[in-house]
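Below is one structure, written out as structure tokens; comments come after it.
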Amino acid sequence: MNKQSKKFLGPPAKVTVNTPAGIAGVYDAQTAEFGASVAANPVTADVVLVNDGSGTATDGCETPFVNAAAIAGKMALIDRGTCDFTIKVKNAQDGGAVGVIIANNAAGLPGMSGVDPTITIPSLGTTQAAGTAMKANLPAPGVNAKLGVQTGAGLAGTQQGCVRMFAPNPVRTGSSVSHFHSEDFPNLLMGPSLNRSIFNKVDLTLPLFQDIDWRTNPEDTLFIDDFEPNPCAASASVP
């Protein structure tokens with residue numbers, strides 16, 4: 001399975017803050033099931049915190065935005081909550097945003113699920129801490145960020161050449177160590193949750209079954225090139 005990973009996985013999607021220097025760096029991100037791919041369509045722009053003028057004004061659920069003029073041509077920063085991810089991103093797109101960052105409202109990364117074929121801009125979800133850091137620098141001194149992939153960082157969802165399994169703490173019944181890690185990118189069929197952005201083939205799932213000694217049909221082996229039962233180093237420690 002590990003040897004096959006390079007056929008299906010790419011570098012991890014990340015939010016990269018370019019400025020200001022105090023918060024500059026690469027932040028964990030969750031890809032969206034909708035809109036443009038950040039791998040094929042990376043975007044860099046100044047970040048503007050959305051104000052929709054109603055309730056939690058930064059959740060982007062009401063339109064038109066109060067600060068729509070400021071959003072146009074910029075990266076919209078929106079808080080998670082109240083409405084679907086697709087509504088937030090579509091509202092930002094309608095306001096002229098070139099990309100969207102969704103800041104989580106709890107620990108971890110937001111799921112970024114949904115379907116809307118009219119969304120054409122890229123978006124990523126990031127952690128609550130990353131969102132808080134960006135908001136603390138808005139509107140001044142200002143934040144410039146990129147939505148894209150981190151080249152040179154290895155394959156998403158792997159460590160030390162090994163494909164990581166989903167093993168959260170606390171354990172999630174039915175998901176823990178039964179699925180690939182949620183950091184895989186592009187998404188894999190056996191991820192911890194169903195998504196609509198999987199490949200139209202069985203990606204790494206068949207090699208996974210073979211690794212754990214499940215019987216597969218003889219013709220299925222034609223799908224695997226140079227299959228190795230355990231190419232990952234036995235000494236590798238993968239959390």
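Just remember, in the structure tokens the first chain shown is A, the second B, etc., residues are 1-based per chain, and ligands are 1-based in the order shown.
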
**Study point:** Spatial neighbours of segment 126-142 of chain A, max dist 7 Å, only C-alpha atoms, sep filter under 2 positions, as a ChimeraX atom specification
**Key:** /A:20,23,27-30,101-110,124,144

Store the residues of this selection in a file with N, CA and C atoms, as a short mmCIF file (atom, residue, chain, number, x, y, z; two decimals), in the first residue's frame.
data_model
loop_
_atom_site.label_atom_id
_atom_site.label_comp_id
_atom_site.auth_asym_id
_atom_site.auth_seq_id
_atom_site.Cartn_x
_atom_site.Cartn_y
_atom_site.Cartn_z
N PRO A 20 1.52 39.40 8.36
CA PRO A 20 2.72 40.01 8.92
C PRO A 20 3.70 38.96 9.47
N ILE A 23 2.96 36.35 12.51
CA ILE A 23 2.15 35.13 12.39
C ILE A 23 2.45 34.39 11.09
N TYR A 27 0.03 26.79 7.90
CA TYR A 27 -1.01 26.33 8.82
C TYR A 27 -1.76 25.13 8.22
N ASP A 28 -2.13 24.20 9.11
CA ASP A 28 -2.89 23.03 8.67
C ASP A 28 -4.21 23.45 8.04
N ALA A 29 -4.65 22.66 7.08
CA ALA A 29 -5.87 23.02 6.35
C ALA A 29 -6.64 21.77 5.95
N GLN A 30 -7.93 21.96 5.75
CA GLN A 30 -8.82 20.91 5.26
C GLN A 30 -9.37 21.33 3.90
N ILE A 101 -11.07 31.40 3.39
CA ILE A 101 -10.54 30.63 4.51
C ILE A 101 -11.65 30.52 5.55
N ILE A 102 -12.01 29.29 5.92
CA ILE A 102 -13.01 29.06 6.96
C ILE A 102 -12.28 28.71 8.25
N ALA A 103 -12.42 29.55 9.27
CA ALA A 103 -11.79 29.28 10.56
C ALA A 103 -12.74 28.46 11.42
N ASN A 104 -12.24 27.37 11.97
CA ASN A 104 -13.08 26.50 12.80
C ASN A 104 -13.50 27.23 14.07
N ASN A 105 -14.60 26.75 14.67
CA ASN A 105 -15.08 27.32 15.93
C ASN A 105 -14.88 26.35 17.09
N ALA A 106 -14.03 25.35 16.86
CA ALA A 106 -13.70 24.35 17.88
C ALA A 106 -12.33 23.79 17.54
N ALA A 107 -11.85 22.86 18.36
CA ALA A 107 -10.54 22.26 18.09
C ALA A 107 -10.56 21.47 16.79
N GLY A 108 -9.41 21.38 16.13
CA GLY A 108 -9.30 20.60 14.91
C GLY A 108 -9.65 21.39 13.67
N LEU A 109 -9.86 20.67 12.57
CA LEU A 109 -10.17 21.29 11.29
C LEU A 109 -11.64 21.09 10.94
N PRO A 110 -12.26 22.06 10.28
CA PRO A 110 -13.66 21.90 9.86
C PRO A 110 -13.77 20.91 8.71
N LEU A 124 -10.35 26.73 1.79
CA LEU A 124 -9.77 25.77 2.73
C LEU A 124 -10.30 26.07 4.12
N ASN A 144 -1.66 38.79 4.54
CA ASN A 144 -1.62 38.27 3.18
C ASN A 144 -1.40 36.77 3.28
#

Check your understanding: Which residues, written as a count of residues only, have at least one atom at most 10 Å from Val89 of chain A, with only C-alpha atoms counted and residues fewer than 5 positions away on the same chain left out?
Key -> 22

Who sits within 6 Å of Asp46 of chain A, only C-alpha atoms, same chain under 4 positions skipped, as a PDB file with N, CA and C atoms, in the first residue's frame:
ATOM      1  N   LYS A  74     -10.195  39.980  -2.926  1.00  0.00           N
ATOM      2  CA  LYS A  74      -9.416  39.608  -1.747  1.00  0.00           C
ATOM      3  C   LYS A  74      -9.767  38.190  -1.287  1.00  0.00           C
ATOM      4  N   MET A  75      -9.058  37.734  -0.252  1.00  0.00           N
ATOM      5  CA  MET A  75      -9.319  36.447   0.384  1.00  0.00           C
ATOM      6  C   MET A  75     -10.270  36.680   1.557  1.00  0.00           C
ATOM      7  N   VAL A 143      -3.181  41.113   6.700  1.00  0.00           N
ATOM      8  CA  VAL A 143      -2.706  39.739   6.504  1.00  0.00           C
ATOM      9  C   VAL A 143      -2.731  39.406   5.020  1.00  0.00           C
ATOM     10  N   ASN A 144      -1.664  38.792   4.543  1.00  0.00           N
ATOM     11  CA  ASN A 144      -1.616  38.272   3.183  1.00  0.00           C
ATOM     12  C   ASN A 144      -1.400  36.770   3.277  1.00  0.00           C
TER      13      ASN A 144
END

Check your understanding: Just asking: which residues within segment 35-130 of chain A are strand (DSSP E or B) according to DSSP, as number ranges by chain?
Key -> A: 43-49, 75-79, 99-103, 123-126

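Among the candidate residues A:Val115, A:Ala21, A:Val48, A:Val163, the one lying nearest to Ala92 of chain A is A:Val48, with distances computed using only C-alpha atoms.
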
Exercise for review: Measuring atom to atom with only C-alpha atoms, identify which of A:Pro170, A:Ala145, A:Thr151, A:Thr16 is nearest to Val47 of chain A.
Suggested key: A:Ala145

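Backbone DSSP assigns alpha helix (DSSP H) in segment 38-75 of chain A to Ala68, Ala69, Ala70 and Ile71 of chain A.
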